[in-house]
$ cat work-v6.cif   # mmCIF, C-alpha atoms
data_data
loop_
_atom_site.group_PDB
_atom_site.id
_atom_site.type_symbol
_atom_site.label_atom_id
_atom_site.label_comp_id
_atom_site.auth_asym_id
_atom_site.auth_seq_id
_atom_site.Cartn_x
_atom_site.Cartn_y
_atom_site.Cartn_z
ATOM 1 C CA MET A 1 25.790 128.661 110.443
ATOM 2 C CA HIS A 2 27.667 125.625 111.567
ATOM 3 C CA ARG A 3 29.743 124.015 108.795
ATOM 4 C CA GLY A 4 32.698 122.490 110.682
ATOM 5 C CA PRO A 5 32.141 118.718 110.898
ATOM 6 C CA ALA A 6 29.713 118.475 108.025
ATOM 7 C CA MET A 7 32.107 120.233 105.748
ATOM 8 C CA ARG A 8 34.926 117.872 106.602
ATOM 9 C CA HIS A 9 32.664 114.893 106.031
ATOM 10 C CA ASN A 10 31.636 116.173 102.645
ATOM 11 C CA ALA A 11 35.219 116.850 101.641
ATOM 12 C CA VAL A 12 36.191 113.283 102.444
ATOM 13 C CA SER A 13 33.203 111.715 100.825
ATOM 14 C CA MET A 14 33.651 113.775 97.698
ATOM 15 C CA SER A 15 37.215 112.573 97.062
ATOM 16 C CA LYS A 16 37.749 110.641 93.858
ATOM 17 C CA PRO A 17 38.964 107.042 93.794
ATOM 18 C CA GLU A 18 42.752 106.780 93.318
ATOM 19 C CA ARG A 19 43.863 106.499 89.690
ATOM 20 C CA PRO A 20 45.899 103.404 88.628
ATOM 21 C CA ASP A 21 48.931 105.498 87.628
ATOM 22 C CA VAL A 22 49.002 107.048 91.090
ATOM 23 C CA LYS A 23 48.932 103.562 92.674
ATOM 24 C CA ILE A 24 51.925 102.540 90.517
ATOM 25 C CA ALA A 25 53.824 105.687 91.460
ATOM 26 C CA ARG A 26 53.196 105.010 95.152
ATOM 27 C CA SER A 27 54.467 101.423 94.771
ATOM 28 C CA LEU A 28 57.737 102.583 93.179
ATOM 29 C CA PRO A 29 59.512 103.160 96.484
ATOM 30 C CA SER A 30 58.899 99.536 97.478
ATOM 31 C CA ARG A 31 60.047 98.359 94.045
ATOM 32 C CA GLY A 32 63.064 100.615 94.340
ATOM 33 C CA ALA A 33 63.879 99.075 97.713
ATOM 34 C CA ALA A 34 63.625 95.590 96.199
ATOM 35 C CA LEU A 35 65.902 96.621 93.336
ATOM 36 C CA LEU A 36 68.350 98.115 95.809
ATOM 37 C CA ALA A 37 68.348 94.868 97.799
ATOM 38 C CA VAL A 38 69.090 92.852 94.648
ATOM 39 C CA LEU A 39 71.915 95.221 93.718
ATOM 40 C CA LEU A 40 73.417 94.952 97.209
ATOM 41 C CA VAL A 41 73.372 91.141 96.995
ATOM 42 C CA LEU A 42 75.109 91.271 93.605
ATOM 43 C CA LEU A 43 77.640 93.767 94.914
ATOM 44 C CA ALA A 44 78.387 91.526 97.898
ATOM 45 C CA ALA A 45 78.927 88.571 95.547
ATOM 46 C CA CYS A 46 81.357 90.613 93.466
ATOM 47 C CA ALA A 47 83.149 91.828 96.577
ATOM 48 C CA THR A 48 84.054 88.277 97.553
ATOM 49 C CA THR A 49 85.808 87.610 94.230
ATOM 50 C CA LYS A 50 87.495 91.011 93.889
ATOM 51 C CA PRO A 51 89.968 90.520 96.727
ATOM 52 C CA ARG A 52 90.944 87.123 95.287
ATOM 53 C CA GLU A 53 91.589 88.683 91.858
ATOM 54 C CA LYS A 54 93.529 91.528 93.410
ATOM 55 C CA LEU A 55 95.530 89.049 95.477
ATOM 56 C CA LEU A 56 96.305 87.043 92.322
ATOM 57 C CA THR A 57 97.555 90.174 90.553
ATOM 58 C CA GLU A 58 99.765 91.102 93.507
ATOM 59 C CA THR A 59 101.075 87.529 93.821
ATOM 60 C CA LEU A 60 101.954 87.284 90.125
ATOM 61 C CA ARG A 61 103.691 90.664 90.239
ATOM 62 C CA THR A 62 105.717 89.819 93.362
ATOM 63 C CA TYR A 63 106.695 86.391 92.023
ATOM 64 C CA ALA A 64 107.745 87.946 88.696
ATOM 65 C CA ALA A 65 109.922 90.453 90.556
ATOM 66 C CA ALA A 66 111.594 87.650 92.517
ATOM 67 C CA ILE A 67 112.389 85.777 89.293
ATOM 68 C CA ARG A 68 113.567 88.909 87.452
ATOM 69 C CA TRP A 69 115.984 89.689 90.281
ATOM 70 C CA GLY A 70 117.149 86.076 90.397
ATOM 71 C CA SER A 71 116.005 85.585 93.977
ATOM 72 C CA ILE A 72 115.224 81.872 93.765
ATOM 73 C CA GLU A 73 114.944 81.575 97.547
ATOM 74 C CA GLN A 74 112.201 84.217 97.562
ATOM 75 C CA ALA A 75 110.496 82.705 94.500
ATOM 76 C CA GLU A 76 110.499 79.324 96.220
ATOM 77 C CA THR A 77 108.224 80.703 98.964
ATOM 78 C CA PHE A 78 105.416 80.924 96.382
ATOM 79 C CA ILE A 79 105.509 77.184 95.629
ATOM 80 C CA ASP A 80 102.729 75.011 96.979
ATOM 81 C CA PRO A 81 104.127 73.111 100.008
ATOM 82 C CA ALA A 82 102.715 69.819 98.649
ATOM 83 C CA TYR A 83 104.654 70.331 95.388
ATOM 84 C CA ARG A 84 107.776 71.371 97.288
ATOM 85 C CA GLU A 85 107.601 68.204 99.379
ATOM 86 C CA LEU A 86 107.358 65.998 96.276
ATOM 87 C CA HIS A 87 109.984 67.985 94.327
ATOM 88 C CA PRO A 88 112.505 69.482 96.770
ATOM 89 C CA LEU A 89 114.987 71.909 95.266
ATOM 90 C CA THR A 90 118.369 70.140 95.132
ATOM 91 C CA SER A 91 121.764 71.746 95.590
ATOM 92 C CA LEU A 92 122.515 70.987 91.913
ATOM 93 C CA GLU A 93 119.393 72.888 90.815
ATOM 94 C CA LEU A 94 120.283 75.815 93.070
ATOM 95 C CA GLU A 95 123.764 75.899 91.535
ATOM 96 C CA ARG A 96 122.233 75.972 88.027
ATOM 97 C CA TYR A 97 120.096 78.968 89.007
ATOM 98 C CA ARG A 98 123.233 80.720 90.288
ATOM 99 C CA GLN A 99 124.902 80.257 86.878
ATOM 100 C CA ILE A 100 122.226 82.141 84.967
ATOM 101 C CA ARG A 101 120.787 85.649 84.896
ATOM 102 C CA PHE A 102 117.158 86.265 84.043
ATOM 103 C CA THR A 103 117.062 88.926 81.345
ATOM 104 C CA GLN A 104 113.389 88.868 80.316
ATOM 105 C CA TYR A 105 110.147 87.840 81.954
ATOM 106 C CA ASN A 106 107.195 88.377 79.614
ATOM 107 C CA GLU A 107 103.968 87.051 81.003
ATOM 108 C CA ARG A 108 100.808 86.422 79.067
ATOM 109 C CA ALA A 109 97.463 87.149 80.671
ATOM 110 C CA PRO A 110 96.472 84.584 83.286
ATOM 111 C CA VAL A 111 93.701 82.236 82.140
ATOM 112 C CA PRO A 112 91.184 81.117 84.770
ATOM 113 C CA VAL A 113 90.558 77.365 84.755
ATOM 114 C CA SER A 114 88.205 77.475 87.747
ATOM 115 C CA ASP A 115 87.513 79.708 90.738
ATOM 116 C CA SER A 116 90.616 78.363 92.422
ATOM 117 C CA GLU A 117 92.998 77.697 89.512
ATOM 118 C CA VAL A 118 94.702 79.950 86.992
ATOM 119 C CA ARG A 119 97.224 79.105 84.276
ATOM 120 C CA GLN A 120 99.779 81.478 82.860
ATOM 121 C CA VAL A 121 102.459 81.140 80.216
ATOM 122 C CA VAL A 122 105.609 83.170 80.764
ATOM 123 C CA GLU A 123 108.410 83.665 78.246
ATOM 124 C CA ILE A 124 111.688 83.819 80.150
ATOM 125 C CA SER A 125 115.081 84.662 78.671
ATOM 126 C CA VAL A 126 118.198 83.647 80.552
ATOM 127 C CA VAL A 127 121.918 84.213 80.024
ATOM 128 C CA ASN A 128 124.538 81.778 81.247
ATOM 129 C CA VAL A 129 127.036 83.884 83.214
ATOM 130 C CA ASN A 130 129.934 81.585 82.244
ATOM 131 C CA THR A 131 129.339 81.221 78.499
ATOM 132 C CA GLN A 132 127.246 84.365 77.882
ATOM 133 C CA SER A 133 124.864 82.269 75.778
ATOM 134 C CA MET A 134 121.263 83.350 75.840
ATOM 135 C CA ARG A 135 118.165 81.197 75.461
ATOM 136 C CA THR A 136 114.459 81.447 75.994
ATOM 137 C CA ILE A 137 112.150 79.082 77.828
ATOM 138 C CA PHE A 138 108.383 79.038 78.215
ATOM 139 C CA ASP A 139 107.252 78.486 81.778
ATOM 140 C CA GLN A 140 103.779 76.887 81.983
ATOM 141 C CA GLN A 141 102.609 78.108 85.396
ATOM 142 C CA VAL A 142 99.682 76.690 87.356
ATOM 143 C CA TRP A 143 98.475 78.818 90.262
ATOM 144 C CA LYS A 144 95.991 77.488 92.819
ATOM 145 C CA TYR A 145 94.126 79.409 95.463
ATOM 146 C CA ASP A 146 94.455 78.089 99.004
ATOM 147 C CA ALA A 147 91.193 79.143 100.686
ATOM 148 C CA GLU A 148 92.463 78.222 104.135
ATOM 149 C CA GLU A 149 95.627 80.320 103.827
ATOM 150 C CA LYS A 150 93.890 82.900 101.611
ATOM 151 C CA ARG A 151 96.760 83.022 99.132
ATOM 152 C CA TRP A 152 97.729 81.884 95.643
ATOM 153 C CA LEU A 153 100.358 79.157 95.388
ATOM 154 C CA LEU A 154 102.451 78.045 92.455
ATOM 155 C CA ALA A 155 101.545 74.395 91.853
ATOM 156 C CA SER A 156 103.917 73.864 88.916
ATOM 157 C CA GLY A 157 107.259 74.673 90.512
ATOM 158 C CA LEU A 158 110.055 77.029 89.535
ATOM 159 C CA PRO A 159 110.931 77.548 85.859
ATOM 160 C CA ASP A 160 112.829 74.631 84.367
ATOM 161 C CA ILE A 161 115.933 76.403 83.063
ATOM 162 C CA THR A 162 117.347 73.164 81.624
ATOM 163 C CA ARG A 163 114.606 72.884 79.006
ATOM 164 C CA ARG A 164 115.216 73.970 75.465
ATOM 165 C CA ASP A 165 112.130 75.506 73.851
#
$ encode --input "work-v6.cif" --output "structure tokens"
Amino acid sequence: MHRGPAMRHNAVSMSKPERPDVKIARSLPSRGAALLAVLLVLLAACATTKPREKLLTETLRTYAAAIRWGSIEQAETFIDPAYRELHPLTSLELERYRQIRFTQYNERAPVPVSDSEVRQVVEISVVNVNTQSMRTIFDQQVWKYDAEEKRWLLASGLPDITRRD
């Protein structure tokens, strides 16, 4: 009684055709791989903007600290060099900054204008050290991203403490 090869042949020939739901289940890994690829592309796109947003947050926080502490020289380092060249800080302006103390710095949420520009309104209270008079100004800040330097720069200059709002 020899059943070896014949039996195998019969077993193969007797198999049923594959059902459609089984074909779909077998194609899921390839669909899953495609979905994973799409998700990775989206994640990579988000990763390129995240550092810029994080950098903006850190820049705004550091600039705010410089202003709060009255460190105009440090705050000046945030100004766009092109703006600084057109509007150099004069000795008279520096002397005015020395005569005041910043007592409040309340920033509103930054508003994106484009991928490389953000605007922010900041309410700043100052006290004149000589007269002890207090006043509030609203600083309309424009921040621009310098892709070459990979940093945010203040394109609107230091707060104008001579304005009366």
$ closest_residue --input "work-v6.cif" --among "A:Ile137, A:Val126, A:Ala109, A:Leu55" --to "A:Arg163" --atoms "all atoms listed in the file"
A:Ile137
$ closest_residue --input "work-v6.cif" --among "A:Val113, A:Val142, A:Leu153, A:Ile124" --to "A:Phe78" --atoms "all atoms listed in the file"
A:Leu153
$ resolve_selection --input "work-v6.cif" --expression "the PyMOL selection byres ((chain A and resi 58-64) around 8)" --output "VMD selection string"
chain A and resid 54 to 57 65 to 68 75 78 105 152
$ atom_distance --input "work-v6.cif" --atom1 "atom CA of A:Val127" --atom2 "atom CA of A:Glu107"
18.2 Å
$ closest_residue --input "work-v6.cif" --among "A:Val122, A:Ser133, A:Pro110, A:Ala147" --to "A:Asp160" --atoms "only C-alpha atoms"
A:Val122
$ residues_near_point --input "work-v6.cif" --point "(110.9, 78.7, 93.9)" --cutoff "10 Å" --atoms "all atoms listed in the file" --output "ChimeraX atom specification"
/A:63,66-67,71-80,84,88-89,94,154,156-159
$ resolve_selection --input "work-v6.cif" --expression "the PyMOL selection byres ((chain A and resi 121) around 7)" --output "PyMOL selection string"
chain A and resi 107-108+119-120+122-123+138-141
$ atom_distance --input "work-v6.cif" --atom1 "atom CA of A:Arg151" --atom2 "atom CA of A:Val111"
17.3 Å
$ atom_distance --input "work-v6.cif" --atom1 "atom CA of A:Arg52" --atom2 "atom CA of A:Ala82"
21.2 Å
